[in-house]
Amino acid sequence: MRDEAHRNEESGIREDRQSRLGRRAMLGLSAAGLGGLSLGALAFRPVEDQVEFLTQKVSRASKPSELKITDMRVAVLKGVPFTSPIVRIYTNQGISGYGEVRDDADKRYALELKNRLVGQNPCNVEMLFKRIKQFGSHGRRGGGVSGVEMALWDLAGKAYGVPVFQMLGGAYRRKIRLYTDTTESENPKEYGRRMKERVEKGFTFLKMDLGIELIAKKPGTIVGKSLWNGNLEQYDETPGGYGQTEHNFTMVQVTDKGIDLMEEFVEAVRDAVGYDIPLGMDHTGHFDVNTAIRLAHRFEKYNLAWMEDLVPWNYTDDWKEITAAVNVPTMTGEDIYGLDAFKKLCDADAVDIVQPDPATAGGILETKRIGDYAREKGKPMPLHYAGSPVGAMAAAHIAAATESFIALEYHATDVPFWNDLVKQEEPLMNKGWYQLTDKPGLGIEMDEKEMAKHLADGEKLFAPTPEWNKKSSHDRTWS
């Protein structure tokens with residue numbers, strides 16, 4: 001009886017299929033389009049035929065409501081210009097999304113989040129961000145959450161067929177202004193010449209690094225140099241060393257002679273590039289609030305766009321003191337994770353400008369929220385960035401959708417292969433600007449063959465990560 005019933009069922013299926021094929025043949029339902037079929041004739045056909053006919057050219061590569069994350073892998077690149085872990089999230093529908101962990105951060109900051117994402121719909125970006133937000137923190141530790149969030153937006157945009165900036169509320173601009181710097185020189189005129197070359201390449205906004213190490217070799221310029229055995233390298237990672245000691249605790253000061261010599265660099269750059277170009281300043285060194293104020297007073301006449309990170313971002317009262325004392329715009333933010341810490345700076349009116357890095361701040365939406373909040377407090381928002389095209393495009397979509405945006409950092413002027421990392425005929429950066437298109441998601445696809453040429457030592461290109469599949473902790477932060 002079961003066999004006979006099974007045969008009858010198969011017979012019914014065949015008859016139904018033949019009936020449907022007959023109807024299609026009669027209607028001429030082909031990929032050629034409407035053909036000679038009138039809309040009136042179509043109206044009298046069964047609903048399933050109408051739907052099938054009218055949607056025959058609709059792409060079914062992505063059904064957003066059924067999209068699920070199936071895997072997450074990372075490829076660590078070097079020299080872009082620093083080390084950049086690129087996140088790739090895979091789905092059950094063949095589309096994938098890219099994100100980027102903060103430059104020089106650990107790929108494991110992202111990988112530890114994998115088991116909390118697999119099986120989820122990536123289009124639920126805000127919900128997933130709130131789920132993983134607790135695993136990020138300030139500095140490079142924010143890179144994992146930020147990189148994953150970027151990849152989720154890339155997937156959501158691809159699933160719905162729209163660029164990310166459109167999903168953020170639309171664009172205030174499609175052309176994104178970039179600012180850049182150059183390598184330092186101990187010769188002020190040479191420094192000026194290098195900065196002028198950037199202007200000749202089309203950049204309309206510049207930043208100069210002016211570290212006290214440029215003048216420290218000359219006697220009588222730095223007080224307290226001997227406390228650090230003469231090593232004033234800001235990125236030295238020796239525990240307890242100058243590079244790992246917050247500014248107020250180094251007991252380093254710059255003398256009048258030292259400030260005179262630093263001024264020579266600023267003057268040479270201004271002589272080279274003129275005053276039509278905004279010029280910011282960064283990486284001055286680790287010294288106290290009083291020295292920061294003295295430096296700013298000396299540089300007022302050069303109309304700097306900002307002085308950046310004069311003290312660590314978390315010293316709100318110190319920032320407020322500096323900002324109130326000088327007539328040079330103050331700025332910080334590249335190492336801050338999340339909106340809450342930016343709120344504290346803005347509410348205290350501690351700085352004039354906020355500058356988040358999307359790869360630390362929490363990704364795309366959180367950075368836009370930071371910009372919107374800062375605008376309410378009258379503070380503009382340039383964006384810090386120093387990585388690959390993935391994070392650069394994530395930042396560009398934020399810039400497009402944020403009213404108070406000023407300029408986005410471009411740190412790859414001297415990286416010859418940077419644009420080769422994406423499959424695109426036109427360069428992403430053209431004469432100091434990015435131009436966003438209507439391509440979905442972040443608007444780029446990575447060239448994995450090119451990526452494979454620039455992997456960090458010992459790394460593989462998006463190698464499987466089954467060791468991160470298992471969740472081994474309870475995540476709720478309340479009881």
# chains A, B, ... in the order shown; residues from 1 in each chain; ligands from 1
>>> residues_around(residues="Thr255 in chain A", least_positions_apart="3", cutoff="12 Å", atoms="only C-alpha atoms", output="mmCIF file with N, CA and C atoms, in the first residue's frame")
data_model
loop_
_atom_site.group_PDB
_atom_site.id
_atom_site.type_symbol
_atom_site.label_atom_id
_atom_site.label_comp_id
_atom_site.auth_asym_id
_atom_site.auth_seq_id
_atom_site.Cartn_x
_atom_site.Cartn_y
_atom_site.Cartn_z
ATOM 1 N N ILE A 212 59.459 65.854 19.352
ATOM 2 C CA ILE A 212 60.599 66.514 19.998
ATOM 3 C C ILE A 212 61.903 65.757 19.748
ATOM 4 N N ILE A 215 64.613 67.457 17.558
ATOM 5 C CA ILE A 215 65.538 68.494 18.054
ATOM 6 C C ILE A 215 66.287 68.036 19.311
ATOM 7 N N ALA A 216 66.001 66.832 19.790
ATOM 8 C CA ALA A 216 66.540 66.387 21.075
ATOM 9 C C ALA A 216 68.044 66.165 21.059
ATOM 10 N N LYS A 218 70.234 68.104 19.944
ATOM 11 C CA LYS A 218 70.935 69.361 20.159
ATOM 12 C C LYS A 218 70.889 69.730 21.640
ATOM 13 N N PRO A 219 72.014 70.091 22.212
ATOM 14 C CA PRO A 219 72.053 70.378 23.652
ATOM 15 C C PRO A 219 71.200 71.576 24.025
ATOM 16 N N GLY A 220 70.648 71.528 25.227
ATOM 17 C CA GLY A 220 69.892 72.652 25.750
ATOM 18 C C GLY A 220 68.467 72.728 25.238
ATOM 19 N N THR A 221 67.964 71.656 24.655
ATOM 20 C CA THR A 221 66.608 71.700 24.079
ATOM 21 C C THR A 221 65.571 70.960 24.915
ATOM 22 N N ILE A 222 65.976 69.884 25.606
ATOM 23 C CA ILE A 222 65.034 69.027 26.317
ATOM 24 C C ILE A 222 65.468 68.856 27.771
ATOM 25 N N VAL A 223 64.569 69.179 28.685
ATOM 26 C CA VAL A 223 64.798 68.907 30.107
ATOM 27 C C VAL A 223 64.265 67.509 30.421
ATOM 28 N N GLY A 224 65.066 66.721 31.131
ATOM 29 C CA GLY A 224 64.621 65.395 31.540
ATOM 30 C C GLY A 224 65.007 64.282 30.585
ATOM 31 N N LYS A 225 65.755 64.599 29.548
ATOM 32 C CA LYS A 225 66.149 63.578 28.581
ATOM 33 C C LYS A 225 66.979 62.488 29.231
ATOM 34 N N VAL A 252 59.461 65.400 31.314
ATOM 35 C CA VAL A 252 60.142 65.985 30.154
ATOM 36 C C VAL A 252 59.535 67.353 29.868
ATOM 37 N N GLY A 258 64.553 74.785 22.463
ATOM 38 C CA GLY A 258 63.910 73.676 21.780
ATOM 39 C C GLY A 258 62.678 74.115 21.000
ATOM 40 N N ILE A 259 61.888 75.010 21.607
ATOM 41 C CA ILE A 259 60.686 75.507 20.920
ATOM 42 C C ILE A 259 61.081 76.349 19.708
ATOM 43 N N ASP A 260 62.184 77.123 19.831
ATOM 44 C CA ASP A 260 62.672 77.892 18.680
ATOM 45 C C ASP A 260 62.967 76.958 17.504
ATOM 46 N N LEU A 261 63.637 75.857 17.786
ATOM 47 C CA LEU A 261 64.003 74.925 16.726
ATOM 48 C C LEU A 261 62.769 74.230 16.135
ATOM 49 N N MET A 262 61.798 73.900 16.982
ATOM 50 C CA MET A 262 60.568 73.279 16.471
ATOM 51 C C MET A 262 59.808 74.257 15.582
ATOM 52 N N PHE A 287 55.056 65.093 27.098
ATOM 53 C CA PHE A 287 55.493 66.132 28.028
ATOM 54 C C PHE A 287 54.281 66.671 28.765
ATOM 55 N N ASN A 290 51.921 72.142 30.813
ATOM 56 C CA ASN A 290 52.519 73.467 30.655
ATOM 57 C C ASN A 290 53.316 73.574 29.358
ATOM 58 N N THR A 291 54.073 72.533 29.047
ATOM 59 C CA THR A 291 54.840 72.538 27.798
ATOM 60 C C THR A 291 53.908 72.536 26.597
ATOM 61 N N ALA A 292 52.810 71.777 26.688
ATOM 62 C CA ALA A 292 51.833 71.749 25.597
ATOM 63 C C ALA A 292 51.281 73.150 25.339
ATOM 64 N N ARG A 294 52.725 76.041 26.091
ATOM 65 C CA ARG A 294 53.786 76.897 25.552
ATOM 66 C C ARG A 294 53.996 76.650 24.060
ATOM 67 N N LEU A 295 53.980 75.382 23.662
ATOM 68 C CA LEU A 295 54.122 75.058 22.242
ATOM 69 C C LEU A 295 52.974 75.652 21.424
#
>>> closest_atom_pairs(of="range 179-248 of chain A", to="range 303-315 of chain A", cutoff="9 Å", atoms="only C-alpha atoms", output="JSON lines")
{"residue": "A:Lys207", "atom": "CA", "partner": "A:Ala305", "partner_atom": "CA", "distance": 8.6}
{"residue": "A:Glu246", "atom": "CA", "partner": "A:Pro312", "partner_atom": "CA", "distance": 6.9}
{"residue": "A:His247", "atom": "CA", "partner": "A:Val311", "partner_atom": "CA", "distance": 5.9}
{"residue": "A:Asn248", "atom": "CA", "partner": "A:Val311", "partner_atom": "CA", "distance": 7.7}
>>> closest_residue(among="A:Met167, A:Val80, A:Ala412, A:Ala151", to="Arg198 in chain A", atoms="only C-alpha atoms")
A:Ala412
>>> residues_around(residues="Ile69 in chain A", least_positions_apart="3", cutoff="12 Å", atoms="only C-alpha atoms", output="PyMOL selection string")
chain A and resi 64+66+72-73+88-97+114-124+128+148+151-152+155-156
>>> closest_atom_pairs(of="range 116-163 of chain A", to="range 363-367 of chain A", cutoff="10 Å", atoms="only C-alpha atoms", output="JSON lines")
{"residue": "A:Val125", "atom": "CA", "partner": "A:Leu365", "partner_atom": "CA", "distance": 9.0}
{"residue": "A:Glu126", "atom": "CA", "partner": "A:Leu365", "partner_atom": "CA", "distance": 8.1}
{"residue": "A:Phe129", "atom": "CA", "partner": "A:Gly363", "partner_atom": "CA", "distance": 9.1}
{"residue": "A:Gly142", "atom": "CA", "partner": "A:Gly363", "partner_atom": "CA", "distance": 8.9}
{"residue": "A:Gly143", "atom": "CA", "partner": "A:Gly363", "partner_atom": "CA", "distance": 8.4}
{"residue": "A:Gly144", "atom": "CA", "partner": "A:Gly363", "partner_atom": "CA", "distance": 9.4}
{"residue": "A:Val145", "atom": "CA", "partner": "A:Gly363", "partner_atom": "CA", "distance": 7.3}
{"residue": "A:Ser146", "atom": "CA", "partner": "A:Gly363", "partner_atom": "CA", "distance": 4.0}
{"residue": "A:Gly147", "atom": "CA", "partner": "A:Gly363", "partner_atom": "CA", "distance": 6.5}
{"residue": "A:Val148", "atom": "CA", "partner": "A:Gly363", "partner_atom": "CA", "distance": 7.9}
{"residue": "A:Glu149", "atom": "CA", "partner": "A:Gly363", "partner_atom": "CA", "distance": 5.5}
{"residue": "A:Met150", "atom": "CA", "partner": "A:Gly363", "partner_atom": "CA", "distance": 5.7}
{"residue": "A:Ala151", "atom": "CA", "partner": "A:Gly363", "partner_atom": "CA", "distance": 9.3}
{"residue": "A:Leu152", "atom": "CA", "partner": "A:Ile364", "partner_atom": "CA", "distance": 9.8}
{"residue": "A:Trp153", "atom": "CA", "partner": "A:Ile364", "partner_atom": "CA", "distance": 7.8}
>>> select_by_dssp(residues="range 145-311 of chain A", states="strand (DSSP E or B)", output="list of chain:residue names")
A:Pro163, A:Lys175, A:Ile176, A:Arg177, A:Leu178, A:Tyr179, A:Thr180, A:Leu206, A:Lys207, A:Met208, A:Asp209, A:Ile222, A:Val223, A:Gln253, A:Val254, A:Leu279, A:Gly280, A:Met281, A:Asp282, A:Trp306, A:Met307, A:Glu308
>>> closest_residue(among="A:Leu77, A:Asp71, A:His283, A:Ala463", to="Glu450 in chain A", atoms="only C-alpha atoms")
A:Leu77
>>> atom_distance(atom1="CA of Gln253 in chain A", atom2="CA of Tyr191 in chain A")
23.7 Å
>>> atom_distance(atom1="CA of Ala272 in chain A", atom2="CA of Lys196 in chain A")
5.8 Å
